[in-house]
file input27.cif (mmCIF, C-alpha atoms; chains and numbers go by the auth columns)
data_input
#
loop_
_atom_site.group_PDB
_atom_site.id
_atom_site.type_symbol
_atom_site.label_atom_id
_atom_site.label_comp_id
_atom_site.label_asym_id
_atom_site.label_seq_id
_atom_site.Cartn_x
_atom_site.Cartn_y
_atom_site.Cartn_z
_atom_site.B_iso_or_equiv
_atom_site.auth_seq_id
_atom_site.auth_asym_id
ATOM 1 C CA MET A 1 0.000 0.000 0.000 0.00 10 M
ATOM 2 C CA THR A 2 1.158 3.493 -0.671 0.00 11 M
ATOM 3 C CA LYS A 3 1.541 5.971 2.106 0.00 12 M
ATOM 4 C CA SER A 4 -0.149 8.815 0.252 0.00 13 M
ATOM 5 C CA SER A 5 -2.677 10.952 2.024 0.00 14 M
ATOM 6 C CA LYS A 6 -5.216 10.426 -0.769 0.00 15 M
ATOM 7 C CA ALA A 7 -5.145 6.657 -0.257 0.00 16 M
ATOM 8 C CA LYS A 8 -5.530 7.055 3.499 0.00 17 M
ATOM 9 C CA LEU A 9 -8.393 9.522 2.977 0.00 18 M
ATOM 10 C CA PHE A 10 -10.090 7.056 0.630 0.00 19 M
ATOM 11 C CA VAL A 11 -9.818 4.289 3.232 0.00 20 M
ATOM 12 C CA TRP A 12 -11.322 6.565 5.888 0.00 21 M
ATOM 13 C CA VAL A 13 -14.207 7.639 3.667 0.00 22 M
ATOM 14 C CA LEU A 14 -14.870 4.065 2.576 0.00 23 M
ATOM 15 C CA SER A 15 -14.778 2.775 6.139 0.00 24 M
ATOM 16 C CA LEU A 16 -17.198 5.441 7.357 0.00 25 M
ATOM 17 C CA THR A 17 -19.724 5.045 4.532 0.00 26 M
ATOM 18 C CA LEU A 18 -19.689 1.373 3.538 0.00 27 M
ATOM 19 C CA GLY A 19 -21.988 0.019 6.247 0.00 28 M
ATOM 20 C CA PRO A 20 -24.785 2.618 6.034 0.00 29 M
ATOM 21 C CA VAL A 21 -24.741 2.556 2.230 0.00 30 M
ATOM 22 C CA VAL A 22 -25.063 -1.228 2.141 0.00 31 M
ATOM 23 C CA TYR A 23 -27.879 -1.120 4.696 0.00 32 M
ATOM 24 C CA CYS A 24 -29.779 1.566 2.781 0.00 33 M
ATOM 25 C CA ILE A 25 -29.443 -0.389 -0.460 0.00 34 M
ATOM 26 C CA LEU A 26 -30.724 -3.525 1.262 0.00 35 M
ATOM 27 C CA LEU A 27 -33.555 -1.572 2.862 0.00 36 M
ATOM 28 C CA LEU A 28 -34.658 -0.206 -0.507 0.00 37 M
ATOM 29 C CA THR A 29 -34.268 -3.343 -2.609 0.00 38 M
ATOM 30 C CA LEU A 30 -35.303 -6.314 -0.486 0.00 39 M
ATOM 31 C CA PRO A 31 -38.912 -7.479 -0.818 0.00 40 M
ATOM 32 C CA GLY A 32 -41.110 -6.855 2.184 0.00 41 M
ATOM 33 C CA THR A 33 -39.331 -3.707 3.286 0.00 42 M
ATOM 34 C CA PRO A 34 -41.189 -1.606 5.853 0.00 43 M
ATOM 35 C CA THR A 35 -43.134 1.504 4.938 0.00 44 M
ATOM 36 C CA MET A 36 -42.174 4.990 6.068 0.00 45 M
ATOM 37 C CA GLU A 37 -44.727 4.859 8.923 0.00 46 M
ATOM 38 C CA ALA A 38 -43.210 1.636 10.227 0.00 47 M
ATOM 39 C CA ILE A 39 -39.730 3.123 10.006 0.00 48 M
ATOM 40 C CA LYS A 40 -40.834 6.223 11.929 0.00 49 M
ATOM 41 C CA LYS A 41 -42.393 4.061 14.666 0.00 50 M
ATOM 42 C CA ASN A 42 -39.237 1.926 14.949 0.00 51 M
ATOM 43 C CA PHE A 43 -36.717 4.759 14.695 0.00 52 M
ATOM 44 C CA ILE A 44 -34.531 3.451 17.540 0.00 53 M
ATOM 45 C CA GLU A 45 -34.345 0.013 15.926 0.00 54 M
ATOM 46 C CA LEU A 46 -33.391 1.651 12.636 0.00 55 M
ATOM 47 C CA MET A 47 -30.595 3.658 14.280 0.00 56 M
ATOM 48 C CA VAL A 48 -29.249 0.589 16.094 0.00 57 M
ATOM 49 C CA THR A 49 -29.251 -1.399 12.847 0.00 58 M
ATOM 50 C CA ILE A 50 -27.474 1.383 10.960 0.00 59 M
ATOM 51 C CA THR A 51 -24.903 1.590 13.776 0.00 60 M
ATOM 52 C CA VAL A 52 -24.296 -2.163 13.611 0.00 61 M
ATOM 53 C CA TYR A 53 -23.864 -2.042 9.841 0.00 62 M
ATOM 54 C CA TRP A 54 -21.576 0.990 10.192 0.00 63 M
ATOM 55 C CA ALA A 55 -19.397 -0.796 12.741 0.00 64 M
ATOM 56 C CA ALA A 56 -19.246 -3.929 10.592 0.00 65 M
ATOM 57 C CA GLY A 57 -18.306 -1.939 7.487 0.00 66 M
ATOM 58 C CA PHE A 58 -15.749 0.107 9.414 0.00 67 M
ATOM 59 C CA GLY A 59 -14.143 -3.010 10.859 0.00 68 M
ATOM 60 C CA LEU A 60 -14.159 -4.849 7.529 0.00 69 M
ATOM 61 C CA VAL A 61 -12.451 -2.031 5.649 0.00 70 M
ATOM 62 C CA TRP A 62 -9.735 -1.579 8.265 0.00 71 M
ATOM 63 C CA VAL A 63 -9.114 -5.321 8.628 0.00 72 M
ATOM 64 C CA LEU A 64 -8.720 -5.614 4.853 0.00 73 M
ATOM 65 C CA TYR A 65 -6.470 -2.544 4.813 0.00 74 M
ATOM 66 C CA TRP A 66 -4.129 -3.948 7.466 0.00 75 M
ATOM 67 C CA LEU A 67 -4.162 -7.423 5.939 0.00 76 M
ATOM 68 C CA SER A 68 -3.199 -5.986 2.561 0.00 77 M
ATOM 69 C CA LYS A 69 -0.368 -4.009 4.178 0.00 78 M
ATOM 70 C CA PHE A 70 0.800 -7.179 5.911 0.00 79 M
ATOM 71 C CA MET A 71 0.631 -9.207 2.689 0.00 80 M
ATOM 72 C CA VAL A 72 2.567 -6.561 0.744 0.00 81 M
ATOM 73 C CA LYS A 73 5.224 -6.419 3.433 0.00 82 M
ATOM 74 C CA TYR A 74 5.542 -10.131 4.290 0.00 83 M
ATOM 75 C CA GLY A 75 3.812 -11.843 1.345 0.00 84 M
ATOM 76 C CA PRO A 76 6.891 -12.875 -0.644 0.00 85 M
ATOM 77 C CA PHE A 77 8.323 -14.736 2.374 0.00 86 M
ATOM 78 C CA VAL A 78 5.241 -16.815 3.178 0.00 87 M
#

call {"tool": "encode", "arguments": {"input": "input27.cif", "output": "C-alpha coordinates"}}
result
Amino acid sequence: MTKSSKAKLFVWVLSLTLGPVVYCILLLTLPGTPTMEAIKKNFIELMVTITVYWAAGFGLVWVLYWLSKFMVKYGPFV
(Lines of atoms letter the chains of each structure in order from A and count residues from 1; the text may use other names and numbers.)
(Lines give C-alpha, C1' and ligand atoms only; values in the text may rest on other atoms or scores of the structure.)
Protein backbone atom coordinates (compact mmCIF):
# COMPACT_ATOMS: atom_id res chain seq x y z
CA MET A 1 0.00 0.00 0.00
CA THR A 2 1.16 3.49 -0.67
CA LYS A 3 1.54 5.97 2.11
CA SER A 4 -0.15 8.82 0.25
CA SER A 5 -2.68 10.95 2.02
CA LYS A 6 -5.22 10.43 -0.77
CA ALA A 7 -5.14 6.66 -0.26
CA LYS A 8 -5.53 7.06 3.50
CA LEU A 9 -8.39 9.52 2.98
CA PHE A 10 -10.09 7.06 0.63
CA VAL A 11 -9.82 4.29 3.23
CA TRP A 12 -11.32 6.57 5.89
CA VAL A 13 -14.21 7.64 3.67
CA LEU A 14 -14.87 4.07 2.58
CA SER A 15 -14.78 2.78 6.14
CA LEU A 16 -17.20 5.44 7.36
CA THR A 17 -19.72 5.05 4.53
CA LEU A 18 -19.69 1.37 3.54
CA GLY A 19 -21.99 0.02 6.25
CA PRO A 20 -24.78 2.62 6.03
CA VAL A 21 -24.74 2.56 2.23
CA VAL A 22 -25.06 -1.23 2.14
CA TYR A 23 -27.88 -1.12 4.70
CA CYS A 24 -29.78 1.57 2.78
CA ILE A 25 -29.44 -0.39 -0.46
CA LEU A 26 -30.72 -3.53 1.26
CA LEU A 27 -33.55 -1.57 2.86
CA LEU A 28 -34.66 -0.21 -0.51
CA THR A 29 -34.27 -3.34 -2.61
CA LEU A 30 -35.30 -6.31 -0.49
CA PRO A 31 -38.91 -7.48 -0.82
CA GLY A 32 -41.11 -6.85 2.18
CA THR A 33 -39.33 -3.71 3.29
CA PRO A 34 -41.19 -1.61 5.85
CA THR A 35 -43.13 1.50 4.94
CA MET A 36 -42.17 4.99 6.07
CA GLU A 37 -44.73 4.86 8.92
CA ALA A 38 -43.21 1.64 10.23
CA ILE A 39 -39.73 3.12 10.01
CA LYS A 40 -40.83 6.22 11.93
CA LYS A 41 -42.39 4.06 14.67
CA ASN A 42 -39.24 1.93 14.95
CA PHE A 43 -36.72 4.76 14.70
CA ILE A 44 -34.53 3.45 17.54
CA GLU A 45 -34.35 0.01 15.93
CA LEU A 46 -33.39 1.65 12.64
CA MET A 47 -30.60 3.66 14.28
CA VAL A 48 -29.25 0.59 16.09
CA THR A 49 -29.25 -1.40 12.85
CA ILE A 50 -27.47 1.38 10.96
CA THR A 51 -24.90 1.59 13.78
CA VAL A 52 -24.30 -2.16 13.61
CA TYR A 53 -23.86 -2.04 9.84
CA TRP A 54 -21.58 0.99 10.19
CA ALA A 55 -19.40 -0.80 12.74
CA ALA A 56 -19.25 -3.93 10.59
CA GLY A 57 -18.31 -1.94 7.49
CA PHE A 58 -15.75 0.11 9.41
CA GLY A 59 -14.14 -3.01 10.86
CA LEU A 60 -14.16 -4.85 7.53
CA VAL A 61 -12.45 -2.03 5.65
CA TRP A 62 -9.74 -1.58 8.26
CA VAL A 63 -9.11 -5.32 8.63
CA LEU A 64 -8.72 -5.61 4.85
CA TYR A 65 -6.47 -2.54 4.81
CA TRP A 66 -4.13 -3.95 7.47
CA LEU A 67 -4.16 -7.42 5.94
CA SER A 68 -3.20 -5.99 2.56
CA LYS A 69 -0.37 -4.01 4.18
CA PHE A 70 0.80 -7.18 5.91
CA MET A 71 0.63 -9.21 2.69
CA VAL A 72 2.57 -6.56 0.74
CA LYS A 73 5.22 -6.42 3.43
CA TYR A 74 5.54 -10.13 4.29
CA GLY A 75 3.81 -11.84 1.35
CA PRO A 76 6.89 -12.87 -0.64
CA PHE A 77 8.32 -14.74 2.37
CA VAL A 78 5.24 -16.82 3.18

call {"tool": "resolve_selection", "arguments": {"input": "input27.cif", "expression": "the PyMOL selection byres ((chain M and resi 24-31) around 6)", "output": "ChimeraX atom specification"}}
result
/M:20-23,32-34,59,62-63,66-67,70

call {"tool": "atom_distance", "arguments": {"input": "input27.cif", "atom1": "CA of Leu36 in chain M", "atom2": "CA of Leu55 in chain M"}}
result
10.3 Å

call {"tool": "atom_distance", "arguments": {"input": "input27.cif", "atom1": "CA of Pro40 in chain M", "atom2": "CA of Ala65 in chain M"}}
result
23.0 Å

call {"tool": "atom_distance", "arguments": {"input": "input27.cif", "atom1": "CA of Met45 in chain M", "atom2": "CA of Val57 in chain M"}}
result
16.9 Å

call {"tool": "build_atoms", "arguments": {"input": "input27.cif", "residues": "range 52-63 of chain M", "atoms": "N, CA, C and O atoms", "output": "PDB file, in the frame of the given file"}}
result
ATOM      1  N   PHE M  52     -37.895   3.940  14.980  1.00  0.00           N
ATOM      2  CA  PHE M  52     -36.717   4.759  14.695  1.00  0.00           C
ATOM      3  C   PHE M  52     -35.490   4.287  15.472  1.00  0.00           C
ATOM      4  O   PHE M  52     -34.386   4.248  14.934  1.00  0.00           O
ATOM      5  N   ILE M  53     -35.660   3.918  16.717  1.00  0.00           N
ATOM      6  CA  ILE M  53     -34.531   3.451  17.540  1.00  0.00           C
ATOM      7  C   ILE M  53     -33.946   2.176  16.951  1.00  0.00           C
ATOM      8  O   ILE M  53     -32.725   2.032  16.845  1.00  0.00           O
ATOM      9  N   GLU M  54     -34.814   1.255  16.540  1.00  0.00           N
ATOM     10  CA  GLU M  54     -34.345   0.013  15.926  1.00  0.00           C
ATOM     11  C   GLU M  54     -33.582   0.300  14.631  1.00  0.00           C
ATOM     12  O   GLU M  54     -32.548  -0.314  14.358  1.00  0.00           O
ATOM     13  N   LEU M  55     -34.075   1.262  13.868  1.00  0.00           N
ATOM     14  CA  LEU M  55     -33.391   1.651  12.636  1.00  0.00           C
ATOM     15  C   LEU M  55     -32.007   2.209  12.932  1.00  0.00           C
ATOM     16  O   LEU M  55     -31.025   1.842  12.275  1.00  0.00           O
ATOM     17  N   MET M  56     -31.891   3.069  13.933  1.00  0.00           N
ATOM     18  CA  MET M  56     -30.595   3.658  14.280  1.00  0.00           C
ATOM     19  C   MET M  56     -29.618   2.602  14.797  1.00  0.00           C
ATOM     20  O   MET M  56     -28.433   2.638  14.479  1.00  0.00           O
ATOM     21  N   VAL M  57     -30.115   1.664  15.588  1.00  0.00           N
ATOM     22  CA  VAL M  57     -29.249   0.589  16.094  1.00  0.00           C
ATOM     23  C   VAL M  57     -28.758  -0.270  14.937  1.00  0.00           C
ATOM     24  O   VAL M  57     -27.574  -0.618  14.868  1.00  0.00           O
ATOM     25  N   THR M  58     -29.642  -0.584  14.002  1.00  0.00           N
ATOM     26  CA  THR M  58     -29.251  -1.399  12.847  1.00  0.00           C
ATOM     27  C   THR M  58     -28.235  -0.677  11.983  1.00  0.00           C
ATOM     28  O   THR M  58     -27.250  -1.278  11.543  1.00  0.00           O
ATOM     29  N   ILE M  59     -28.440   0.612  11.741  1.00  0.00           N
ATOM     30  CA  ILE M  59     -27.474   1.383  10.960  1.00  0.00           C
ATOM     31  C   ILE M  59     -26.130   1.428  11.684  1.00  0.00           C
ATOM     32  O   ILE M  59     -25.074   1.314  11.063  1.00  0.00           O
ATOM     33  N   THR M  60     -26.147   1.571  13.005  1.00  0.00           N
ATOM     34  CA  THR M  60     -24.903   1.590  13.776  1.00  0.00           C
ATOM     35  C   THR M  60     -24.176   0.258  13.682  1.00  0.00           C
ATOM     36  O   THR M  60     -22.943   0.225  13.527  1.00  0.00           O
ATOM     37  N   VAL M  61     -24.916  -0.834  13.735  1.00  0.00           N
ATOM     38  CA  VAL M  61     -24.296  -2.163  13.611  1.00  0.00           C
ATOM     39  C   VAL M  61     -23.677  -2.333  12.228  1.00  0.00           C
ATOM     40  O   VAL M  61     -22.541  -2.800  12.097  1.00  0.00           O
ATOM     41  N   TYR M  62     -24.414  -1.947  11.189  1.00  0.00           N
ATOM     42  CA  TYR M  62     -23.864  -2.042   9.841  1.00  0.00           C
ATOM     43  C   TYR M  62     -22.658  -1.123   9.673  1.00  0.00           C
ATOM     44  O   TYR M  62     -21.689  -1.462   9.005  1.00  0.00           O
ATOM     45  N   TRP M  63     -22.707   0.079  10.278  1.00  0.00           N
ATOM     46  CA  TRP M  63     -21.576   0.990  10.192  1.00  0.00           C
ATOM     47  C   TRP M  63     -20.344   0.372  10.850  1.00  0.00           C
ATOM     48  O   TRP M  63     -19.251   0.407  10.290  1.00  0.00           O
TER      49      TRP M  63
END
